[in-house]
$ cat run_35.txt   # compact mmCIF, N, CA and C atoms
# COMPACT_ATOMS: atom_id res chain seq x y z
N MET A 1 158.54 -124.50 98.37
CA MET A 1 158.66 -124.69 96.93
C MET A 1 159.97 -124.08 96.47
N ALA A 2 160.63 -124.73 95.53
CA ALA A 2 161.91 -124.25 95.03
C ALA A 2 161.76 -123.64 93.65
N SER A 3 162.65 -122.74 93.33
CA SER A 3 162.65 -122.12 92.00
C SER A 3 163.36 -123.05 91.02
N ALA A 4 163.45 -122.63 89.76
CA ALA A 4 164.08 -123.44 88.73
C ALA A 4 165.54 -123.74 89.06
N ASP A 5 166.20 -122.84 89.81
CA ASP A 5 167.59 -123.07 90.15
C ASP A 5 167.75 -123.82 91.48
N GLY A 6 166.62 -124.30 92.05
CA GLY A 6 166.65 -125.08 93.27
C GLY A 6 166.61 -124.27 94.55
N ALA A 7 166.64 -122.94 94.45
CA ALA A 7 166.62 -122.08 95.63
C ALA A 7 165.20 -122.01 96.20
N ALA A 8 165.10 -121.80 97.49
CA ALA A 8 163.79 -121.69 98.14
C ALA A 8 163.06 -120.44 97.65
N ALA A 9 161.74 -120.55 97.57
CA ALA A 9 160.92 -119.40 97.17
C ALA A 9 161.03 -118.31 98.24
N VAL A 10 160.88 -117.09 97.82
CA VAL A 10 161.00 -115.93 98.71
C VAL A 10 159.74 -115.81 99.57
N GLU A 11 159.92 -115.60 100.87
CA GLU A 11 158.80 -115.32 101.77
C GLU A 11 158.53 -113.83 101.74
N GLY A 12 157.26 -113.45 101.74
CA GLY A 12 156.88 -112.04 101.63
C GLY A 12 156.76 -111.32 102.97
N MET A 13 156.64 -110.00 102.88
CA MET A 13 156.42 -109.14 104.04
C MET A 13 155.03 -108.53 103.92
N PRO A 14 154.36 -108.26 105.04
CA PRO A 14 152.99 -107.73 104.99
C PRO A 14 152.92 -106.28 104.49
N VAL A 15 151.74 -105.91 104.04
CA VAL A 15 151.47 -104.53 103.63
C VAL A 15 151.50 -103.65 104.89
N VAL A 16 152.19 -102.52 104.81
CA VAL A 16 152.29 -101.60 105.95
C VAL A 16 151.07 -100.68 106.00
N SER A 17 150.92 -99.99 107.10
CA SER A 17 149.78 -99.10 107.29
C SER A 17 149.89 -97.85 106.43
N ALA A 18 148.76 -97.21 106.22
CA ALA A 18 148.71 -95.96 105.46
C ALA A 18 149.58 -94.91 106.16
N GLU A 19 149.60 -94.92 107.48
CA GLU A 19 150.40 -93.94 108.23
C GLU A 19 151.89 -94.07 107.90
N VAL A 20 152.39 -95.30 107.84
CA VAL A 20 153.80 -95.52 107.51
C VAL A 20 154.08 -95.01 106.10
N LEU A 21 153.22 -95.35 105.15
CA LEU A 21 153.41 -94.90 103.76
C LEU A 21 153.39 -93.38 103.65
N ARG A 22 152.50 -92.76 104.38
CA ARG A 22 152.33 -91.30 104.34
C ARG A 22 153.57 -90.58 104.87
N GLU A 23 154.24 -91.15 105.86
CA GLU A 23 155.37 -90.49 106.51
C GLU A 23 156.69 -90.60 105.75
N LEU A 24 156.76 -91.45 104.74
CA LEU A 24 158.01 -91.61 104.00
C LEU A 24 158.31 -90.38 103.15
N LYS A 25 159.56 -89.95 103.18
CA LYS A 25 160.00 -88.76 102.43
C LYS A 25 160.62 -89.18 101.10
N ASP A 26 160.04 -88.71 100.01
CA ASP A 26 160.56 -88.95 98.65
C ASP A 26 160.96 -90.41 98.40
N PRO A 27 160.03 -91.35 98.59
CA PRO A 27 160.40 -92.76 98.43
C PRO A 27 160.60 -93.15 96.96
N LEU A 28 161.50 -94.08 96.76
CA LEU A 28 161.63 -94.78 95.49
C LEU A 28 160.50 -95.80 95.48
N ILE A 29 159.78 -95.92 94.37
CA ILE A 29 158.67 -96.87 94.30
C ILE A 29 158.98 -97.90 93.23
N ILE A 30 159.01 -99.17 93.65
CA ILE A 30 159.29 -100.27 92.74
C ILE A 30 158.00 -101.06 92.51
N ASP A 31 157.57 -101.09 91.25
CA ASP A 31 156.35 -101.75 90.81
C ASP A 31 156.72 -103.15 90.33
N ALA A 32 156.26 -104.19 91.04
CA ALA A 32 156.62 -105.57 90.74
C ALA A 32 155.66 -106.26 89.77
N ARG A 33 154.69 -105.51 89.23
CA ARG A 33 153.72 -106.11 88.31
C ARG A 33 154.36 -106.44 86.97
N ASP A 34 153.78 -107.43 86.27
CA ASP A 34 154.19 -107.72 84.90
C ASP A 34 153.76 -106.55 84.01
N PRO A 35 154.46 -106.31 82.90
CA PRO A 35 154.12 -105.18 82.03
C PRO A 35 152.64 -105.14 81.61
N GLU A 36 152.05 -106.29 81.30
CA GLU A 36 150.64 -106.27 80.89
C GLU A 36 149.72 -105.90 82.06
N GLU A 37 150.12 -106.21 83.29
CA GLU A 37 149.33 -105.80 84.45
C GLU A 37 149.38 -104.29 84.62
N VAL A 38 150.53 -103.70 84.33
CA VAL A 38 150.67 -102.24 84.40
C VAL A 38 149.76 -101.61 83.34
N THR A 39 149.83 -102.14 82.12
CA THR A 39 149.00 -101.63 81.02
C THR A 39 147.51 -101.76 81.34
N GLU A 40 147.13 -102.91 81.94
CA GLU A 40 145.72 -103.16 82.29
C GLU A 40 145.32 -102.49 83.60
N ARG A 41 146.28 -101.84 84.24
CA ARG A 41 146.06 -101.11 85.50
C ARG A 41 145.57 -102.00 86.64
N LYS A 42 146.08 -103.22 86.72
CA LYS A 42 145.72 -104.13 87.81
C LYS A 42 146.16 -103.49 89.13
N GLY A 43 145.20 -103.23 90.01
CA GLY A 43 145.50 -102.57 91.28
C GLY A 43 145.54 -101.07 91.17
N GLY A 44 145.41 -100.53 89.95
CA GLY A 44 145.40 -99.10 89.73
C GLY A 44 146.44 -98.68 88.72
N PRO A 45 146.32 -97.44 88.23
CA PRO A 45 147.31 -96.94 87.27
C PRO A 45 148.69 -96.83 87.90
N PRO A 46 149.73 -96.83 87.08
CA PRO A 46 151.09 -96.71 87.61
C PRO A 46 151.27 -95.42 88.41
N LEU A 47 152.11 -95.49 89.41
CA LEU A 47 152.42 -94.31 90.22
C LEU A 47 153.52 -93.51 89.53
N GLU A 48 153.35 -92.21 89.51
CA GLU A 48 154.33 -91.33 88.86
C GLU A 48 155.72 -91.58 89.44
N GLY A 49 156.68 -91.79 88.55
CA GLY A 49 158.06 -91.97 88.96
C GLY A 49 158.43 -93.38 89.39
N SER A 50 157.46 -94.29 89.38
CA SER A 50 157.77 -95.66 89.82
C SER A 50 158.62 -96.37 88.77
N ILE A 51 159.36 -97.36 89.22
CA ILE A 51 160.21 -98.18 88.36
C ILE A 51 159.59 -99.56 88.28
N ASN A 52 159.32 -100.04 87.07
CA ASN A 52 158.73 -101.36 86.90
C ASN A 52 159.83 -102.41 86.76
N VAL A 53 159.93 -103.27 87.79
CA VAL A 53 160.85 -104.41 87.77
C VAL A 53 160.00 -105.62 88.14
N PRO A 54 159.42 -106.30 87.14
CA PRO A 54 158.50 -107.40 87.42
C PRO A 54 159.14 -108.50 88.27
N PHE A 55 158.38 -109.00 89.26
CA PHE A 55 158.87 -110.08 90.10
C PHE A 55 158.84 -111.42 89.37
N ASN A 56 157.80 -111.63 88.58
CA ASN A 56 157.70 -112.90 87.84
C ASN A 56 158.82 -113.01 86.82
N MET A 57 159.23 -114.22 86.57
CA MET A 57 160.26 -114.49 85.58
C MET A 57 159.60 -114.77 84.24
N ASP A 58 159.87 -113.94 83.26
CA ASP A 58 159.32 -114.09 81.90
C ASP A 58 157.81 -114.22 81.90
N GLY A 59 157.14 -113.53 82.82
CA GLY A 59 155.69 -113.52 82.87
C GLY A 59 155.05 -114.77 83.42
N ALA A 60 155.85 -115.74 83.85
CA ALA A 60 155.31 -116.99 84.41
C ALA A 60 154.78 -116.74 85.82
N GLN A 61 153.61 -117.28 86.12
CA GLN A 61 153.04 -117.14 87.46
C GLN A 61 153.93 -117.84 88.48
N GLN A 62 153.88 -117.37 89.72
CA GLN A 62 154.71 -117.94 90.78
C GLN A 62 154.44 -119.42 91.00
N SER A 63 153.21 -119.86 90.79
CA SER A 63 152.88 -121.27 90.96
C SER A 63 153.57 -122.14 89.90
N ASP A 64 153.88 -121.55 88.75
CA ASP A 64 154.55 -122.28 87.68
C ASP A 64 156.06 -122.14 87.72
N ARG A 65 156.53 -120.98 88.15
CA ARG A 65 157.96 -120.70 88.16
C ARG A 65 158.28 -119.72 89.28
N PRO A 66 158.45 -120.22 90.52
CA PRO A 66 158.76 -119.32 91.64
C PRO A 66 160.07 -118.56 91.40
N THR A 67 160.08 -117.30 91.78
CA THR A 67 161.25 -116.45 91.65
C THR A 67 162.09 -116.56 92.91
N SER A 68 163.38 -116.82 92.77
CA SER A 68 164.27 -116.86 93.93
C SER A 68 164.79 -115.45 94.22
N ALA A 69 165.34 -115.28 95.40
CA ALA A 69 165.93 -113.99 95.76
C ALA A 69 167.04 -113.63 94.78
N SER A 70 167.88 -114.59 94.42
CA SER A 70 168.98 -114.28 93.49
C SER A 70 168.46 -113.91 92.11
N ASP A 71 167.35 -114.54 91.67
CA ASP A 71 166.73 -114.16 90.40
C ASP A 71 166.35 -112.68 90.43
N TYR A 72 165.71 -112.27 91.52
CA TYR A 72 165.20 -110.90 91.57
C TYR A 72 166.32 -109.89 91.79
N VAL A 73 167.32 -110.24 92.57
CA VAL A 73 168.46 -109.34 92.74
C VAL A 73 169.09 -109.06 91.38
N ALA A 74 169.21 -110.07 90.54
CA ALA A 74 169.78 -109.88 89.20
C ALA A 74 168.92 -108.92 88.39
N LYS A 75 167.59 -109.03 88.50
CA LYS A 75 166.70 -108.11 87.78
C LYS A 75 166.85 -106.67 88.30
N LEU A 76 166.94 -106.51 89.63
CA LEU A 76 167.13 -105.18 90.21
C LEU A 76 168.44 -104.56 89.75
N GLU A 77 169.50 -105.37 89.72
CA GLU A 77 170.80 -104.87 89.30
C GLU A 77 170.78 -104.49 87.82
N ALA A 78 170.15 -105.31 86.99
CA ALA A 78 170.07 -105.02 85.55
C ALA A 78 169.31 -103.72 85.30
N ALA A 79 168.27 -103.47 86.13
CA ALA A 79 167.47 -102.26 85.98
C ALA A 79 168.11 -101.04 86.65
N LYS A 80 169.20 -101.27 87.40
CA LYS A 80 169.84 -100.20 88.18
C LYS A 80 168.80 -99.47 89.02
N ALA A 81 167.95 -100.28 89.69
CA ALA A 81 166.79 -99.74 90.40
C ALA A 81 167.06 -99.29 91.83
N LEU A 82 168.11 -99.78 92.44
CA LEU A 82 168.30 -99.49 93.86
C LEU A 82 169.25 -98.33 94.12
N PRO A 83 168.91 -97.52 95.12
CA PRO A 83 169.79 -96.39 95.48
C PRO A 83 171.04 -96.87 96.20
N ALA A 84 172.07 -96.04 96.22
CA ALA A 84 173.30 -96.37 96.92
C ALA A 84 173.09 -96.34 98.44
N GLU A 85 172.25 -95.42 98.90
CA GLU A 85 172.00 -95.26 100.33
C GLU A 85 171.12 -96.39 100.85
N LYS A 86 171.61 -97.15 101.82
CA LYS A 86 170.85 -98.29 102.36
C LYS A 86 169.67 -97.86 103.23
N ASN A 87 169.64 -96.58 103.65
CA ASN A 87 168.52 -96.11 104.47
C ASN A 87 167.51 -95.30 103.65
N ALA A 88 167.65 -95.31 102.32
CA ALA A 88 166.70 -94.60 101.45
C ALA A 88 165.31 -95.22 101.59
N ALA A 89 164.27 -94.38 101.54
CA ALA A 89 162.89 -94.86 101.62
C ALA A 89 162.51 -95.56 100.31
N ILE A 90 162.01 -96.78 100.44
CA ILE A 90 161.60 -97.57 99.27
C ILE A 90 160.23 -98.17 99.57
N ILE A 91 159.32 -98.04 98.60
CA ILE A 91 158.01 -98.70 98.67
C ILE A 91 157.95 -99.68 97.51
N THR A 92 157.57 -100.91 97.82
CA THR A 92 157.36 -101.92 96.78
C THR A 92 155.86 -102.17 96.65
N HIS A 93 155.46 -102.59 95.47
CA HIS A 93 154.05 -102.96 95.31
C HIS A 93 153.86 -103.83 94.08
N CYS A 94 152.71 -104.48 94.02
CA CYS A 94 152.26 -105.20 92.84
C CYS A 94 150.81 -104.78 92.64
N GLY A 95 149.92 -105.71 92.34
CA GLY A 95 148.51 -105.35 92.21
C GLY A 95 147.82 -105.23 93.55
N ALA A 96 148.19 -106.11 94.50
CA ALA A 96 147.55 -106.10 95.81
C ALA A 96 148.51 -106.28 96.98
N GLY A 97 149.74 -106.72 96.74
CA GLY A 97 150.72 -106.79 97.81
C GLY A 97 151.46 -108.10 97.97
N TRP A 98 151.02 -109.18 97.31
CA TRP A 98 151.67 -110.47 97.51
C TRP A 98 153.08 -110.46 96.94
N ARG A 99 153.24 -110.15 95.66
CA ARG A 99 154.58 -110.08 95.07
C ARG A 99 155.33 -108.87 95.59
N GLY A 100 154.62 -107.77 95.87
CA GLY A 100 155.27 -106.60 96.46
C GLY A 100 155.92 -106.93 97.79
N GLY A 101 155.29 -107.81 98.56
CA GLY A 101 155.85 -108.26 99.83
C GLY A 101 157.11 -109.08 99.64
N LYS A 102 157.14 -109.87 98.59
CA LYS A 102 158.33 -110.66 98.28
C LYS A 102 159.48 -109.75 97.83
N VAL A 103 159.15 -108.76 97.00
CA VAL A 103 160.16 -107.80 96.57
C VAL A 103 160.71 -107.04 97.78
N CYS A 104 159.84 -106.65 98.68
CA CYS A 104 160.24 -105.95 99.90
C CYS A 104 161.25 -106.80 100.69
N ALA A 105 160.96 -108.09 100.83
CA ALA A 105 161.85 -108.99 101.57
C ALA A 105 163.21 -109.13 100.88
N VAL A 106 163.21 -109.24 99.56
CA VAL A 106 164.47 -109.35 98.82
C VAL A 106 165.32 -108.11 99.03
N ILE A 107 164.71 -106.94 98.90
CA ILE A 107 165.46 -105.68 99.05
C ILE A 107 165.97 -105.54 100.48
N ALA A 108 165.15 -105.88 101.45
CA ALA A 108 165.58 -105.81 102.86
C ALA A 108 166.77 -106.76 103.10
N SER A 109 166.77 -107.92 102.43
CA SER A 109 167.87 -108.88 102.61
C SER A 109 169.19 -108.34 102.08
N LEU A 110 169.13 -107.29 101.26
CA LEU A 110 170.34 -106.66 100.73
C LEU A 110 170.87 -105.57 101.67
N GLY A 111 170.22 -105.40 102.82
CA GLY A 111 170.68 -104.43 103.81
C GLY A 111 169.94 -103.11 103.81
N TYR A 112 168.90 -102.99 102.98
CA TYR A 112 168.10 -101.76 102.98
C TYR A 112 167.21 -101.78 104.23
N THR A 113 167.19 -100.66 104.94
CA THR A 113 166.54 -100.62 106.25
C THR A 113 165.22 -99.86 106.27
N ASN A 114 164.84 -99.24 105.15
CA ASN A 114 163.64 -98.41 105.13
C ASN A 114 162.77 -98.80 103.93
N VAL A 115 162.55 -100.11 103.77
CA VAL A 115 161.79 -100.64 102.64
C VAL A 115 160.46 -101.18 103.14
N HIS A 116 159.37 -100.87 102.41
CA HIS A 116 158.02 -101.17 102.88
C HIS A 116 157.15 -101.68 101.74
N ASN A 117 156.31 -102.67 102.04
CA ASN A 117 155.34 -103.20 101.08
C ASN A 117 154.11 -102.30 101.11
N GLY A 118 153.85 -101.62 100.00
CA GLY A 118 152.71 -100.71 99.91
C GLY A 118 151.42 -101.35 99.43
N GLY A 119 151.44 -102.63 99.10
CA GLY A 119 150.24 -103.31 98.60
C GLY A 119 150.09 -103.10 97.11
N GLY A 120 149.16 -102.26 96.71
CA GLY A 120 148.94 -101.94 95.31
C GLY A 120 149.02 -100.45 95.09
N PRO A 121 149.06 -100.01 93.83
CA PRO A 121 149.20 -98.58 93.55
C PRO A 121 148.06 -97.73 94.11
N ASP A 122 146.82 -98.24 94.04
CA ASP A 122 145.71 -97.45 94.58
C ASP A 122 145.81 -97.31 96.10
N ASN A 123 146.33 -98.34 96.77
CA ASN A 123 146.52 -98.26 98.22
C ASN A 123 147.57 -97.19 98.56
N ILE A 124 148.65 -97.18 97.81
CA ILE A 124 149.72 -96.20 98.05
C ILE A 124 149.20 -94.79 97.73
N ARG A 125 148.52 -94.66 96.62
CA ARG A 125 147.97 -93.36 96.21
C ARG A 125 147.00 -92.83 97.29
N GLY A 126 146.16 -93.70 97.82
CA GLY A 126 145.23 -93.31 98.87
C GLY A 126 145.93 -92.89 100.14
N ALA A 127 147.02 -93.56 100.48
CA ALA A 127 147.76 -93.24 101.71
C ALA A 127 148.57 -91.95 101.57
N ARG A 128 149.16 -91.75 100.41
CA ARG A 128 150.07 -90.62 100.23
C ARG A 128 149.40 -89.38 99.65
N GLY A 129 148.16 -89.54 99.17
CA GLY A 129 147.42 -88.38 98.68
C GLY A 129 147.63 -88.03 97.29

$ encode --input "run_35.txt" --output "structure tokens"
Amino acid sequence: MASADGAAAVEGMPVVSAEVLRELKDPLIIDARDPEEVTERKGGPPLEGSINVPFNMDGAQQSDRPTSASDYVAKLEAAKALPAEKNAAIITHCGAGWRGGKVCAVIASLGYTNVHNGGGPDNIRGARG
């Protein structure tokens, strides 16, 4: 499926194990949920210190408006969400991991080497304590 700009939809990465999440030191956490999902606590309450950069474009579901990698890179840049260090620990998530996996893939495509799909906030909270 192609996005509105004709680019291929982003393929996601799987949710990593609790052990991997637990071992990360001071990770940056990127929450890919839409603002109303954060408010409604879909997948759990927001994680302290996380940065909300929604994967969906203008709240449209992926089936209606797939987000391309370039769409999301622009959102990350506008939010100034990414660290300068390419080996910085990064955890991505949404409500359950589908969009979080796509965000993980986009960030990895930018050369980040320590980026992981955490699934949802409750999964990350359970793994990290």

$ residues_around --input "run_35.txt" --residues "range 79-95 of chain A" --least-positions-apart "3" --cutoff "5 Å" --atoms "all atoms listed in the file" --output "ChimeraX atom specification"
/A:27-33,42-43,75-76,100,112-120

$ closest_residue --input "run_35.txt" --among "A:Pro121, A:Arg128, A:Val73, A:Cys104" --to "Val20 in chain A" --atoms "only C-alpha atoms"
A:Arg128

$ axis_aligned_box --input "run_35.txt" --around "range 107-117 of chain A" --padding-each-side "3 Å" --output "lines of an AutoDock Vina configuration file"
center_x = 162.5
center_y = -103.6
center_z = 102.6
size_x = 22.8
size_y = 16.5
size_z = 13.4

$ atom_distance --input "run_35.txt" --atom1 "atom C of Pro66 in chain A" --atom2 "atom N of Glu48 in chain A"
27.3 Å

$ atom_distance --input "run_35.txt" --atom1 "atom C of Trp98 in chain A" --atom2 "atom N of Met13 in chain A"
6.9 Å

$ select_by_dssp --input "run_35.txt" --residues "range 3-83 of chain A" --states "strand (DSSP E or B)" --output "PyMOL selection string"
chain A and resi 8+15+28-31+51-52

$ closest_residue --input "run_35.txt" --among "A:Ser68, A:Gln62, A:Ser109, A:Asn56" --to "Val10 in chain A" --atoms "only N, CA and C atoms"
A:Ser68

$ select_by_dssp --input "run_35.txt" --residues "chain A" --states "alpha helix (DSSP H)" --output "ChimeraX atom specification"
/A:18-23,35-39,69-79,98-109,121-128

$ atom_distance --input "run_35.txt" --atom1 "atom C of Lys102 in chain A" --atom2 "CA of Met57 in chain A"
13.2 Å

$ residues_around --input "run_35.txt" --residues "Gly59 in chain A" --least-positions-apart "3" --cutoff "9 Å" --atoms "only C-alpha atoms" --output "PyMOL selection string"
chain A and resi 34-35+54-56

$ write_last_selection --input "run_35.txt" --atoms "N, CA and C atoms" --output "tab-separated table (two decimals), in the coordinates of the input"
chain	number	residue	atom	x	y	z
A	34	ASP	N	153.78	-107.43	86.27
A	34	ASP	CA	154.19	-107.72	84.90
A	34	ASP	C	153.76	-106.55	84.01
A	35	PRO	N	154.46	-106.31	82.90
A	35	PRO	CA	154.12	-105.18	82.03
A	35	PRO	C	152.64	-105.14	81.61
A	54	PRO	N	159.42	-106.30	87.14
A	54	PRO	CA	158.50	-107.40	87.42
A	54	PRO	C	159.14	-108.50	88.27
A	55	PHE	N	158.38	-109.00	89.26
A	55	PHE	CA	158.87	-110.08	90.10
A	55	PHE	C	158.84	-111.42	89.37
A	56	ASN	N	157.80	-111.63	88.58
A	56	ASN	CA	157.70	-112.90	87.84
A	56	ASN	C	158.82	-113.01	86.82

$ decode --input "run_35.txt" --residues "range 106-116 of chain A" --atoms "all heavy atoms" --output "PDB file, in the first residue's frame"
ATOM      1  N   VAL A 106      11.546   3.176  11.083  1.00  0.00           N
ATOM      2  CA  VAL A 106      11.911   4.481  10.512  1.00  0.00           C
ATOM      3  C   VAL A 106      13.161   5.023  11.192  1.00  0.00           C
ATOM      4  O   VAL A 106      14.108   5.474  10.526  1.00  0.00           O
ATOM      5  CB  VAL A 106      10.738   5.486  10.625  1.00  0.00           C
ATOM      6  CG1 VAL A 106      11.197   6.900  10.262  1.00  0.00           C
ATOM      7  CG2 VAL A 106       9.570   5.064   9.749  1.00  0.00           C
ATOM      8  N   ILE A 107      13.197   4.966  12.514  1.00  0.00           N
ATOM      9  CA  ILE A 107      14.354   5.500  13.248  1.00  0.00           C
ATOM     10  C   ILE A 107      15.611   4.685  12.931  1.00  0.00           C
ATOM     11  O   ILE A 107      16.686   5.244  12.715  1.00  0.00           O
ATOM     12  CB  ILE A 107      14.057   5.560  14.755  1.00  0.00           C
ATOM     13  CG1 ILE A 107      12.928   6.580  15.019  1.00  0.00           C
ATOM     14  CG2 ILE A 107      15.309   5.920  15.552  1.00  0.00           C
ATOM     15  CD1 ILE A 107      12.397   6.573  16.433  1.00  0.00           C
ATOM     16  N   ALA A 108      15.479   3.373  12.863  1.00  0.00           N
ATOM     17  CA  ALA A 108      16.628   2.521  12.511  1.00  0.00           C
ATOM     18  C   ALA A 108      17.136   2.860  11.103  1.00  0.00           C
ATOM     19  O   ALA A 108      18.346   2.846  10.858  1.00  0.00           O
ATOM     20  CB  ALA A 108      16.248   1.047  12.614  1.00  0.00           C
ATOM     21  N   SER A 109      16.226   3.197  10.186  1.00  0.00           N
ATOM     22  CA  SER A 109      16.639   3.534   8.813  1.00  0.00           C
ATOM     23  C   SER A 109      17.461   4.818   8.764  1.00  0.00           C
ATOM     24  O   SER A 109      18.156   5.069   7.779  1.00  0.00           O
ATOM     25  CB  SER A 109      15.415   3.645   7.898  1.00  0.00           C
ATOM     26  OG  SER A 109      14.732   4.866   8.104  1.00  0.00           O
ATOM     27  N   LEU A 110      17.402   5.610   9.830  1.00  0.00           N
ATOM     28  CA  LEU A 110      18.191   6.845   9.915  1.00  0.00           C
ATOM     29  C   LEU A 110      19.585   6.598  10.487  1.00  0.00           C
ATOM     30  O   LEU A 110      20.346   7.535  10.697  1.00  0.00           O
ATOM     31  CB  LEU A 110      17.458   7.871  10.784  1.00  0.00           C
ATOM     32  CG  LEU A 110      16.107   8.344  10.248  1.00  0.00           C
ATOM     33  CD1 LEU A 110      15.413   9.232  11.271  1.00  0.00           C
ATOM     34  CD2 LEU A 110      16.275   9.065   8.919  1.00  0.00           C
ATOM     35  N   GLY A 111      19.899   5.325  10.765  1.00  0.00           N
ATOM     36  CA  GLY A 111      21.229   4.978  11.256  1.00  0.00           C
ATOM     37  C   GLY A 111      21.322   4.768  12.752  1.00  0.00           C
ATOM     38  O   GLY A 111      22.412   4.527  13.276  1.00  0.00           O
ATOM     39  N   TYR A 112      20.196   4.838  13.457  1.00  0.00           N
ATOM     40  CA  TYR A 112      20.211   4.575  14.902  1.00  0.00           C
ATOM     41  C   TYR A 112      20.338   3.066  15.108  1.00  0.00           C
ATOM     42  O   TYR A 112      19.642   2.284  14.455  1.00  0.00           O
ATOM     43  CB  TYR A 112      18.960   5.145  15.571  1.00  0.00           C
ATOM     44  CG  TYR A 112      19.008   6.646  15.635  1.00  0.00           C
ATOM     45  CD1 TYR A 112      18.567   7.421  14.567  1.00  0.00           C
ATOM     46  CD2 TYR A 112      19.555   7.288  16.735  1.00  0.00           C
ATOM     47  CE1 TYR A 112      18.650   8.806  14.606  1.00  0.00           C
ATOM     48  CE2 TYR A 112      19.645   8.675  16.786  1.00  0.00           C
ATOM     49  CZ  TYR A 112      19.195   9.420  15.712  1.00  0.00           C
ATOM     50  OH  TYR A 112      19.294  10.789  15.756  1.00  0.00           O
ATOM     51  N   THR A 113      21.248   2.682  15.991  1.00  0.00           N
ATOM     52  CA  THR A 113      21.600   1.266  16.130  1.00  0.00           C
ATOM     53  C   THR A 113      21.067   0.609  17.395  1.00  0.00           C
ATOM     54  O   THR A 113      21.235  -0.599  17.567  1.00  0.00           O
ATOM     55  CB  THR A 113      23.135   1.114  16.114  1.00  0.00           C
ATOM     56  OG1 THR A 113      23.686   1.894  17.184  1.00  0.00           O
ATOM     57  CG2 THR A 113      23.713   1.577  14.781  1.00  0.00           C
ATOM     58  N   ASN A 114      20.431   1.381  18.274  1.00  0.00           N
ATOM     59  CA  ASN A 114      19.987   0.838  19.560  1.00  0.00           C
ATOM     60  C   ASN A 114      18.519   1.219  19.788  1.00  0.00           C
ATOM     61  O   ASN A 114      18.150   1.704  20.848  1.00  0.00           O
ATOM     62  CB  ASN A 114      20.891   1.383  20.675  1.00  0.00           C
ATOM     63  CG  ASN A 114      20.737   0.631  21.975  1.00  0.00           C
ATOM     64  OD1 ASN A 114      20.145  -0.443  22.037  1.00  0.00           O
ATOM     65  ND2 ASN A 114      21.275   1.202  23.041  1.00  0.00           N
ATOM     66  N   VAL A 115      17.689   0.994  18.765  1.00  0.00           N
ATOM     67  CA  VAL A 115      16.274   1.358  18.815  1.00  0.00           C
ATOM     68  C   VAL A 115      15.429   0.090  18.869  1.00  0.00           C
ATOM     69  O   VAL A 115      15.701  -0.873  18.154  1.00  0.00           O
ATOM     70  CB  VAL A 115      15.883   2.280  17.631  1.00  0.00           C
ATOM     71  CG1 VAL A 115      16.172   1.658  16.295  1.00  0.00           C
ATOM     72  CG2 VAL A 115      14.446   2.712  17.716  1.00  0.00           C
ATOM     73  N   HIS A 116      14.415   0.088  19.753  1.00  0.00           N
ATOM     74  CA  HIS A 116      13.643  -1.124  20.040  1.00  0.00           C
ATOM     75  C   HIS A 116      12.159  -0.816  20.151  1.00  0.00           C
ATOM     76  O   HIS A 116      11.777   0.199  20.748  1.00  0.00           O
ATOM     77  CB  HIS A 116      14.120  -1.747  21.354  1.00  0.00           C
ATOM     78  CG  HIS A 116      15.591  -1.953  21.393  1.00  0.00           C
ATOM     79  ND1 HIS A 116      16.211  -3.058  20.848  1.00  0.00           N
ATOM     80  CD2 HIS A 116      16.588  -1.164  21.871  1.00  0.00           C
ATOM     81  CE1 HIS A 116      17.516  -2.951  21.016  1.00  0.00           C
ATOM     82  NE2 HIS A 116      17.771  -1.813  21.626  1.00  0.00           N
TER      83      HIS A 116
END
